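K.L.:
I am sharing target-v4.txt, which consists of compact mmCIF, N, CA and C atoms:
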# COMPACT_ATOMS: atom_id res chain seq x y z
N MET A 171 76.65 53.65 -27.30
CA MET A 171 75.66 52.85 -26.58
C MET A 171 74.62 53.80 -25.98
N ASN A 172 73.38 53.41 -26.06
CA ASN A 172 72.28 54.17 -25.50
C ASN A 172 72.51 54.37 -24.00
N PRO A 173 72.43 55.59 -23.50
CA PRO A 173 72.70 55.85 -22.07
C PRO A 173 71.79 55.05 -21.12
N LYS A 174 70.54 54.84 -21.50
CA LYS A 174 69.64 54.08 -20.61
C LYS A 174 70.01 52.60 -20.59
N VAL A 175 70.38 52.06 -21.74
CA VAL A 175 70.81 50.66 -21.81
C VAL A 175 72.08 50.50 -21.00
N PHE A 176 73.02 51.44 -21.16
CA PHE A 176 74.27 51.38 -20.40
C PHE A 176 74.00 51.44 -18.90
N MET A 177 73.09 52.31 -18.48
CA MET A 177 72.77 52.43 -17.06
C MET A 177 72.22 51.10 -16.53
N VAL A 178 71.33 50.47 -17.28
CA VAL A 178 70.76 49.18 -16.85
C VAL A 178 71.85 48.12 -16.76
N LEU A 179 72.72 48.05 -17.76
CA LEU A 179 73.81 47.07 -17.74
C LEU A 179 74.76 47.32 -16.57
N ARG A 180 75.09 48.59 -16.33
CA ARG A 180 75.99 48.95 -15.24
C ARG A 180 75.40 48.56 -13.90
N ILE A 181 74.12 48.84 -13.69
CA ILE A 181 73.47 48.50 -12.43
C ILE A 181 73.31 46.99 -12.29
N LEU A 182 72.99 46.30 -13.38
CA LEU A 182 72.91 44.83 -13.32
C LEU A 182 74.24 44.22 -12.93
N LEU A 183 75.33 44.68 -13.55
CA LEU A 183 76.66 44.18 -13.18
C LEU A 183 76.95 44.50 -11.72
N GLY A 184 76.62 45.72 -11.29
CA GLY A 184 76.85 46.09 -9.89
C GLY A 184 76.09 45.20 -8.92
N ILE A 185 74.83 44.94 -9.19
CA ILE A 185 74.02 44.08 -8.32
C ILE A 185 74.56 42.66 -8.34
N PHE A 186 74.91 42.17 -9.53
CA PHE A 186 75.43 40.82 -9.69
C PHE A 186 76.66 40.60 -8.81
N VAL A 187 77.65 41.48 -8.92
CA VAL A 187 78.88 41.28 -8.14
C VAL A 187 78.67 41.61 -6.67
N LEU A 188 77.78 42.55 -6.37
CA LEU A 188 77.49 42.86 -4.97
C LEU A 188 76.87 41.66 -4.27
N VAL A 189 75.91 41.02 -4.90
CA VAL A 189 75.26 39.85 -4.30
C VAL A 189 76.27 38.73 -4.08
N PHE A 190 77.08 38.44 -5.08
CA PHE A 190 78.06 37.36 -4.93
C PHE A 190 79.18 37.73 -3.97
N GLY A 191 79.53 39.00 -3.87
CA GLY A 191 80.52 39.43 -2.89
C GLY A 191 80.00 39.28 -1.47
N VAL A 192 78.77 39.72 -1.23
CA VAL A 192 78.16 39.58 0.10
C VAL A 192 77.95 38.11 0.44
N ASN A 193 77.63 37.30 -0.57
CA ASN A 193 77.42 35.87 -0.34
C ASN A 193 78.69 35.19 0.19
N LYS A 194 79.85 35.69 -0.17
CA LYS A 194 81.09 35.09 0.32
C LYS A 194 81.23 35.27 1.83
N PHE A 195 80.55 36.27 2.39
CA PHE A 195 80.57 36.47 3.84
C PHE A 195 79.32 35.88 4.50
N ALA A 196 78.15 36.08 3.92
CA ALA A 196 76.89 35.69 4.55
C ALA A 196 76.45 34.28 4.19
N ASP A 197 76.92 33.74 3.08
CA ASP A 197 76.64 32.36 2.67
C ASP A 197 75.14 32.07 2.57
N PHE A 198 74.41 32.91 1.83
CA PHE A 198 72.96 32.72 1.68
C PHE A 198 72.58 32.01 0.39
N LEU A 199 73.50 31.89 -0.57
CA LEU A 199 73.24 31.14 -1.80
C LEU A 199 73.84 29.75 -1.65
N PRO A 200 73.13 28.71 -2.08
CA PRO A 200 73.68 27.36 -1.92
C PRO A 200 74.91 27.16 -2.80
N MET A 201 75.88 26.46 -2.24
CA MET A 201 77.11 26.15 -2.98
C MET A 201 76.87 24.87 -3.78
N PRO A 202 77.08 24.92 -5.09
CA PRO A 202 76.87 23.72 -5.89
C PRO A 202 77.95 22.68 -5.60
N GLU A 203 77.65 21.45 -5.94
CA GLU A 203 78.61 20.37 -5.76
C GLU A 203 79.75 20.55 -6.76
N LEU A 204 80.98 20.53 -6.26
CA LEU A 204 82.14 20.73 -7.11
C LEU A 204 82.90 19.42 -7.29
N SER A 205 83.63 19.31 -8.38
CA SER A 205 84.49 18.15 -8.58
C SER A 205 85.62 18.20 -7.53
N ALA A 206 86.35 17.12 -7.42
CA ALA A 206 87.43 17.05 -6.42
C ALA A 206 88.48 18.13 -6.68
N ASP A 207 88.87 18.29 -7.94
CA ASP A 207 89.89 19.29 -8.28
C ASP A 207 89.37 20.71 -8.03
N ALA A 208 88.13 20.97 -8.43
CA ALA A 208 87.55 22.30 -8.22
C ALA A 208 87.40 22.58 -6.72
N GLY A 209 86.97 21.58 -5.96
CA GLY A 209 86.83 21.74 -4.51
C GLY A 209 88.17 22.01 -3.84
N ALA A 210 89.21 21.31 -4.29
CA ALA A 210 90.54 21.52 -3.72
C ALA A 210 91.04 22.93 -4.02
N TYR A 211 90.85 23.38 -5.26
CA TYR A 211 91.29 24.72 -5.65
C TYR A 211 90.52 25.78 -4.88
N PHE A 212 89.19 25.63 -4.83
CA PHE A 212 88.35 26.60 -4.13
C PHE A 212 88.68 26.59 -2.63
N GLY A 213 88.93 25.40 -2.08
CA GLY A 213 89.32 25.31 -0.68
C GLY A 213 90.63 26.02 -0.40
N ALA A 214 91.59 25.90 -1.32
CA ALA A 214 92.87 26.59 -1.15
C ALA A 214 92.68 28.10 -1.18
N LEU A 215 91.83 28.58 -2.09
CA LEU A 215 91.56 30.01 -2.16
C LEU A 215 90.89 30.51 -0.88
N THR A 216 89.98 29.70 -0.36
CA THR A 216 89.28 30.07 0.86
C THR A 216 90.23 30.06 2.06
N ASN A 217 91.02 29.01 2.19
CA ASN A 217 91.94 28.88 3.33
C ASN A 217 93.02 29.95 3.33
N SER A 218 93.41 30.41 2.16
CA SER A 218 94.45 31.44 2.07
C SER A 218 93.87 32.85 2.19
N LYS A 219 92.58 32.94 2.41
CA LYS A 219 91.86 34.22 2.55
C LYS A 219 91.82 35.03 1.25
N THR A 220 92.14 34.40 0.13
CA THR A 220 92.04 35.08 -1.16
C THR A 220 90.59 35.41 -1.47
N MET A 221 89.68 34.55 -1.08
CA MET A 221 88.26 34.80 -1.36
C MET A 221 87.73 36.00 -0.57
N VAL A 222 88.33 36.29 0.57
CA VAL A 222 87.95 37.49 1.32
C VAL A 222 88.31 38.73 0.50
N LEU A 223 89.50 38.73 -0.09
CA LEU A 223 89.91 39.85 -0.94
C LEU A 223 89.00 39.97 -2.16
N VAL A 224 88.68 38.84 -2.79
CA VAL A 224 87.78 38.86 -3.95
C VAL A 224 86.41 39.40 -3.54
N ALA A 225 85.92 38.97 -2.39
CA ALA A 225 84.62 39.44 -1.91
C ALA A 225 84.64 40.95 -1.68
N LEU A 226 85.69 41.46 -1.06
CA LEU A 226 85.79 42.90 -0.82
C LEU A 226 85.85 43.68 -2.14
N VAL A 227 86.61 43.17 -3.10
CA VAL A 227 86.67 43.82 -4.42
C VAL A 227 85.29 43.82 -5.06
N GLU A 228 84.58 42.69 -4.99
CA GLU A 228 83.26 42.61 -5.59
C GLU A 228 82.28 43.56 -4.92
N ILE A 229 82.31 43.65 -3.61
CA ILE A 229 81.38 44.53 -2.88
C ILE A 229 81.67 45.99 -3.21
N ILE A 230 82.92 46.39 -3.15
CA ILE A 230 83.28 47.78 -3.42
C ILE A 230 82.98 48.14 -4.87
N ALA A 231 83.36 47.25 -5.80
CA ALA A 231 83.11 47.53 -7.22
C ALA A 231 81.61 47.53 -7.52
N GLY A 232 80.87 46.62 -6.90
CA GLY A 232 79.42 46.59 -7.11
C GLY A 232 78.76 47.88 -6.65
N LEU A 233 79.14 48.36 -5.48
CA LEU A 233 78.58 49.62 -4.98
C LEU A 233 78.99 50.79 -5.88
N ALA A 234 80.25 50.78 -6.32
CA ALA A 234 80.72 51.85 -7.20
C ALA A 234 79.95 51.87 -8.51
N LEU A 235 79.66 50.70 -9.06
CA LEU A 235 78.89 50.65 -10.31
C LEU A 235 77.44 51.06 -10.10
N ILE A 236 76.84 50.62 -9.01
CA ILE A 236 75.45 50.97 -8.74
C ILE A 236 75.29 52.48 -8.57
N PHE A 237 76.21 53.09 -7.82
CA PHE A 237 76.12 54.52 -7.55
C PHE A 237 76.87 55.38 -8.56
N ASN A 238 77.47 54.73 -9.58
CA ASN A 238 78.17 55.40 -10.67
C ASN A 238 79.30 56.30 -10.17
N LYS A 239 80.06 55.82 -9.22
CA LYS A 239 81.25 56.50 -8.71
C LYS A 239 82.45 55.61 -9.00
N PHE A 240 83.38 56.09 -9.78
CA PHE A 240 84.56 55.32 -10.19
C PHE A 240 84.15 54.04 -10.92
N GLY A 241 83.07 54.11 -11.69
CA GLY A 241 82.57 52.94 -12.40
C GLY A 241 83.54 52.42 -13.44
N ALA A 242 84.20 53.31 -14.16
CA ALA A 242 85.14 52.88 -15.19
C ALA A 242 86.30 52.11 -14.57
N LEU A 243 86.81 52.59 -13.45
CA LEU A 243 87.88 51.89 -12.74
C LEU A 243 87.39 50.55 -12.20
N SER A 244 86.21 50.55 -11.63
CA SER A 244 85.64 49.32 -11.08
C SER A 244 85.44 48.26 -12.15
N ALA A 245 84.98 48.67 -13.32
CA ALA A 245 84.78 47.72 -14.42
C ALA A 245 86.11 47.11 -14.86
N LEU A 246 87.16 47.91 -14.88
CA LEU A 246 88.49 47.38 -15.22
C LEU A 246 88.97 46.37 -14.18
N ILE A 247 88.81 46.71 -12.92
CA ILE A 247 89.25 45.82 -11.85
C ILE A 247 88.43 44.54 -11.86
N LEU A 248 87.14 44.65 -12.10
CA LEU A 248 86.28 43.46 -12.13
C LEU A 248 86.59 42.53 -13.29
N MET A 249 87.26 43.04 -14.32
CA MET A 249 87.59 42.19 -15.46
C MET A 249 88.47 41.02 -15.01
N SER A 250 89.37 41.25 -14.07
CA SER A 250 90.21 40.15 -13.58
C SER A 250 89.37 39.10 -12.86
N VAL A 251 88.38 39.53 -12.10
CA VAL A 251 87.49 38.60 -11.42
C VAL A 251 86.67 37.82 -12.44
N SER A 252 86.18 38.51 -13.46
CA SER A 252 85.36 37.87 -14.50
C SER A 252 86.15 36.80 -15.26
N ILE A 253 87.35 37.15 -15.68
CA ILE A 253 88.16 36.20 -16.44
C ILE A 253 88.53 35.01 -15.58
N ASN A 254 88.87 35.24 -14.32
CA ASN A 254 89.21 34.12 -13.44
C ASN A 254 88.01 33.22 -13.20
N ALA A 255 86.83 33.79 -13.07
CA ALA A 255 85.63 32.98 -12.87
C ALA A 255 85.36 32.10 -14.09
N VAL A 256 85.50 32.69 -15.28
CA VAL A 256 85.28 31.91 -16.51
C VAL A 256 86.33 30.81 -16.63
N LEU A 257 87.59 31.13 -16.37
CA LEU A 257 88.64 30.12 -16.47
C LEU A 257 88.46 29.00 -15.45
N PHE A 258 88.08 29.36 -14.22
CA PHE A 258 87.83 28.36 -13.19
C PHE A 258 86.76 27.38 -13.66
N HIS A 259 85.66 27.92 -14.15
CA HIS A 259 84.56 27.05 -14.57
C HIS A 259 84.89 26.30 -15.87
N ALA A 260 85.58 26.92 -16.78
CA ALA A 260 85.93 26.27 -18.03
C ALA A 260 86.84 25.07 -17.81
N VAL A 261 87.76 25.20 -16.86
CA VAL A 261 88.74 24.14 -16.63
C VAL A 261 88.28 23.15 -15.57
N LEU A 262 87.72 23.63 -14.47
CA LEU A 262 87.46 22.76 -13.31
C LEU A 262 85.99 22.44 -13.07
N ASP A 263 85.06 23.27 -13.55
CA ASP A 263 83.64 23.06 -13.28
C ASP A 263 82.80 23.53 -14.47
N PRO A 264 82.90 22.84 -15.61
CA PRO A 264 82.21 23.31 -16.82
C PRO A 264 80.70 23.45 -16.65
N GLY A 265 80.09 22.69 -15.78
CA GLY A 265 78.65 22.77 -15.60
C GLY A 265 78.18 24.09 -15.01
N GLY A 266 79.05 24.79 -14.32
CA GLY A 266 78.67 26.04 -13.68
C GLY A 266 79.14 27.28 -14.41
N ILE A 267 79.48 27.15 -15.68
CA ILE A 267 80.07 28.27 -16.41
C ILE A 267 79.03 29.34 -16.79
N GLY A 268 77.76 29.04 -16.72
CA GLY A 268 76.72 29.99 -17.14
C GLY A 268 76.79 31.32 -16.43
N GLY A 269 76.84 31.30 -15.12
CA GLY A 269 76.91 32.54 -14.34
C GLY A 269 78.18 33.32 -14.61
N ALA A 270 79.29 32.60 -14.74
CA ALA A 270 80.56 33.27 -15.03
C ALA A 270 80.53 33.90 -16.41
N ALA A 271 79.90 33.23 -17.37
CA ALA A 271 79.80 33.79 -18.72
C ALA A 271 78.94 35.05 -18.72
N VAL A 272 77.85 35.04 -17.97
CA VAL A 272 77.00 36.24 -17.87
C VAL A 272 77.80 37.38 -17.25
N LEU A 273 78.57 37.07 -16.20
CA LEU A 273 79.41 38.08 -15.56
C LEU A 273 80.39 38.68 -16.57
N LEU A 274 81.05 37.84 -17.34
CA LEU A 274 82.02 38.33 -18.32
C LEU A 274 81.35 39.17 -19.40
N ILE A 275 80.22 38.72 -19.90
CA ILE A 275 79.51 39.48 -20.94
C ILE A 275 79.05 40.84 -20.41
N LEU A 276 78.49 40.86 -19.21
CA LEU A 276 78.08 42.14 -18.62
C LEU A 276 79.29 43.06 -18.43
N ASN A 277 80.39 42.47 -17.96
CA ASN A 277 81.59 43.28 -17.74
C ASN A 277 82.11 43.86 -19.04
N ILE A 278 82.13 43.08 -20.09
CA ILE A 278 82.59 43.58 -21.40
C ILE A 278 81.65 44.68 -21.89
N ALA A 279 80.35 44.49 -21.73
CA ALA A 279 79.38 45.50 -22.17
C ALA A 279 79.58 46.81 -21.41
N VAL A 280 79.83 46.73 -20.11
CA VAL A 280 80.05 47.94 -19.32
C VAL A 280 81.37 48.60 -19.71
N LEU A 281 82.40 47.80 -19.97
CA LEU A 281 83.67 48.38 -20.45
C LEU A 281 83.47 49.13 -21.76
N ILE A 282 82.67 48.56 -22.66
CA ILE A 282 82.37 49.23 -23.92
C ILE A 282 81.62 50.53 -23.67
N GLY A 283 80.72 50.51 -22.70
CA GLY A 283 79.99 51.72 -22.36
C GLY A 283 80.87 52.82 -21.80
N TYR A 284 81.96 52.42 -21.14
CA TYR A 284 82.90 53.38 -20.58
C TYR A 284 84.08 53.67 -21.51
N LYS A 285 84.02 53.24 -22.77
CA LYS A 285 85.19 53.32 -23.65
C LYS A 285 85.75 54.73 -23.79
N ASN A 286 84.92 55.74 -23.71
CA ASN A 286 85.44 57.11 -23.82
C ASN A 286 86.28 57.49 -22.61
N LYS A 287 86.09 56.84 -21.48
CA LYS A 287 86.88 57.12 -20.28
C LYS A 287 88.29 56.55 -20.39
N TYR A 288 88.49 55.58 -21.28
CA TYR A 288 89.77 54.90 -21.38
C TYR A 288 90.65 55.46 -22.49
N SER A 289 90.22 56.50 -23.18
CA SER A 289 90.98 57.00 -24.34
C SER A 289 92.38 57.45 -23.93
N ASP A 290 92.52 58.09 -22.80
CA ASP A 290 93.85 58.54 -22.36
C ASP A 290 94.75 57.35 -22.02
N LEU A 291 94.19 56.29 -21.49
CA LEU A 291 94.98 55.11 -21.17
C LEU A 291 95.49 54.41 -22.43
N LEU A 292 94.70 54.48 -23.49
CA LEU A 292 95.03 53.75 -24.71
C LEU A 292 95.86 54.56 -25.70
N ASN A 293 96.18 55.78 -25.38
CA ASN A 293 97.02 56.61 -26.28
C ASN A 293 98.49 56.42 -25.96
Using structure tokens, write down the structure from this file.

P.N.:
Amino acid sequence: MNPKVFMVLRILLGIFVLVFGVNKFADFLPMPELSADAGAYFGALTNSKTMVLVALVEIIAGLALIFNKFGALSALILMSVSINAVLFHAVLDPGGIGGAAVLLILNIAVLIGYKNKYSDLLN
């Protein structure tokens, strides 16, 4: 992968998750209307403080990707957030899957960009 393209993708992913991580604390982006099942699930995650953990992971990983420190590790950790976001929207809120799909695609692209860092893990 072209180093400049990879850098742009890495920074885009970092900004994307940083904004959504900070939004979980500051609440500056409007929350879309959710179905009853999606609202109940999201409410349970919020009440159990799971969303606080997700927000912290997103903020730390976003900063790591933007500043290119531990980016390969951050991209791996963010994959769980990406897959869960896609599954949540695919099952409970199909209308909002666009952002989650972009997150997953960016995450996969960044993982591909870091593929040489994972060679020892895959041997």

K.L.:
Give me, as CSV, the closest atom pair and its distance (Å, one decimal) for every residue of segment 229-281 of chain A within a cut-off of 7 Å of segment 175-197 of chain A, counting all atoms listed in the file, rows sorted by chain and rising number.

P.N.:
residue,atom,partner,partner_atom,distance
A:Ile229,N,A:Gly191,CA,4.6
A:Ile230,N,A:Leu188,CA,6.7
A:Ala231,C,A:Gly184,CA,5.5
A:Gly232,CA,A:Gly184,CA,3.8
A:Leu233,N,A:Gly184,CA,5.5
A:Ala234,C,A:Gly184,CA,6.7
A:Leu235,C,A:Arg180,C,5.0
A:Ile236,N,A:Gly184,CA,4.6
A:Leu276,C,A:Leu183,CA,6.0
A:Asn277,N,A:Leu183,CA,6.3
A:Ala279,C,A:Leu179,CA,6.8
A:Val280,CA,A:Arg180,N,5.8

K.L.:
Taking only C-alpha atoms into account, which of A:Asn254, A:Ser289, A:Asn172, A:Thr220 comes nearest Ala242 of chain A?

P.N.:
A:Ser289

K.L.:
Could you check the closest approach to Ile278 of chain A for each of A:Val222, A:Leu243, A:Met249, A:Val227 and tell me which residue wins, using only N, CA and C atoms?

P.N.:
A:Met249

K.L.:
In Å, with one decimal, what is the gap from atom N of Asp263 of chain A to atom C of Glu203 of chain A?

P.N.:
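If I compute the distance from atom N of Asp263 of chain A to atom C of Glu203 of chain A, I get 9.0 Å.
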
K.L.:
Which is closest to Val261 of chain A among A:Leu199, A:Val224, A:Leu246, A:Ala208, if we use only N, CA and C atoms?

P.N.:
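For Val261 of chain A, the nearest of the candidates is A:Ala208.
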
K.L.:
Give the helix (DSSP H, G or I) residues of chain A, as assigned by DSSP on the backbone, as a PyMOL selection string.

P.N.:
chain A and resi 173-196+206-217+220-236+241-262+264-283+285-292

K.L.:
Applying 8 Å and only N, CA and C atoms, which residues near Ser252 of chain A remain after dropping the ones on its own chain fewer than 5 positions away? List them as an mmCIF file with N, CA and C atoms, keeping the file's coordinate frame.

P.N.:
data_model
loop_
_atom_site.group_PDB
_atom_site.id
_atom_site.type_symbol
_atom_site.label_atom_id
_atom_site.label_comp_id
_atom_site.auth_asym_id
_atom_site.auth_seq_id
_atom_site.Cartn_x
_atom_site.Cartn_y
_atom_site.Cartn_z
ATOM 1 N N ILE A 247 88.810 46.710 -12.920
ATOM 2 C CA ILE A 247 89.250 45.820 -11.850
ATOM 3 C C ILE A 247 88.430 44.540 -11.860
ATOM 4 N N LEU A 257 87.590 31.130 -16.370
ATOM 5 C CA LEU A 257 88.640 30.120 -16.470
ATOM 6 C C LEU A 257 88.460 29.000 -15.450
ATOM 7 N N PHE A 258 88.080 29.360 -14.220
ATOM 8 C CA PHE A 258 87.830 28.360 -13.190
ATOM 9 C C PHE A 258 86.760 27.380 -13.660
ATOM 10 N N ALA A 270 79.290 32.600 -14.740
ATOM 11 C CA ALA A 270 80.560 33.270 -15.030
ATOM 12 C C ALA A 270 80.530 33.900 -16.410
ATOM 13 N N ALA A 271 79.900 33.230 -17.370
ATOM 14 C CA ALA A 271 79.800 33.790 -18.720
ATOM 15 C C ALA A 271 78.940 35.050 -18.720
ATOM 16 N N LEU A 273 78.570 37.070 -16.200
ATOM 17 C CA LEU A 273 79.410 38.080 -15.560
ATOM 18 C C LEU A 273 80.390 38.680 -16.570
ATOM 19 N N LEU A 274 81.050 37.840 -17.340
ATOM 20 C CA LEU A 274 82.020 38.330 -18.320
ATOM 21 C C LEU A 274 81.350 39.170 -19.400
ATOM 22 N N ILE A 275 80.220 38.720 -19.900
ATOM 23 C CA ILE A 275 79.510 39.480 -20.940
ATOM 24 C C ILE A 275 79.050 40.840 -20.410
ATOM 25 N N ASN A 277 80.390 42.470 -17.960
ATOM 26 C CA ASN A 277 81.590 43.280 -17.740
ATOM 27 C C ASN A 277 82.110 43.860 -19.040
#

K.L.:
Would you mind reading off the distance between atom CA of Met221 of chain A and atom CA of Gly266 of chain A, one decimal, in Å?

P.N.:
17.9 Å

K.L.:
How far is it from atom C of Glu228 of chain A to atom N of Leu248 of chain A, in Å with one decimal?

P.N.:
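These atoms are spaced 8.7 Å apart.
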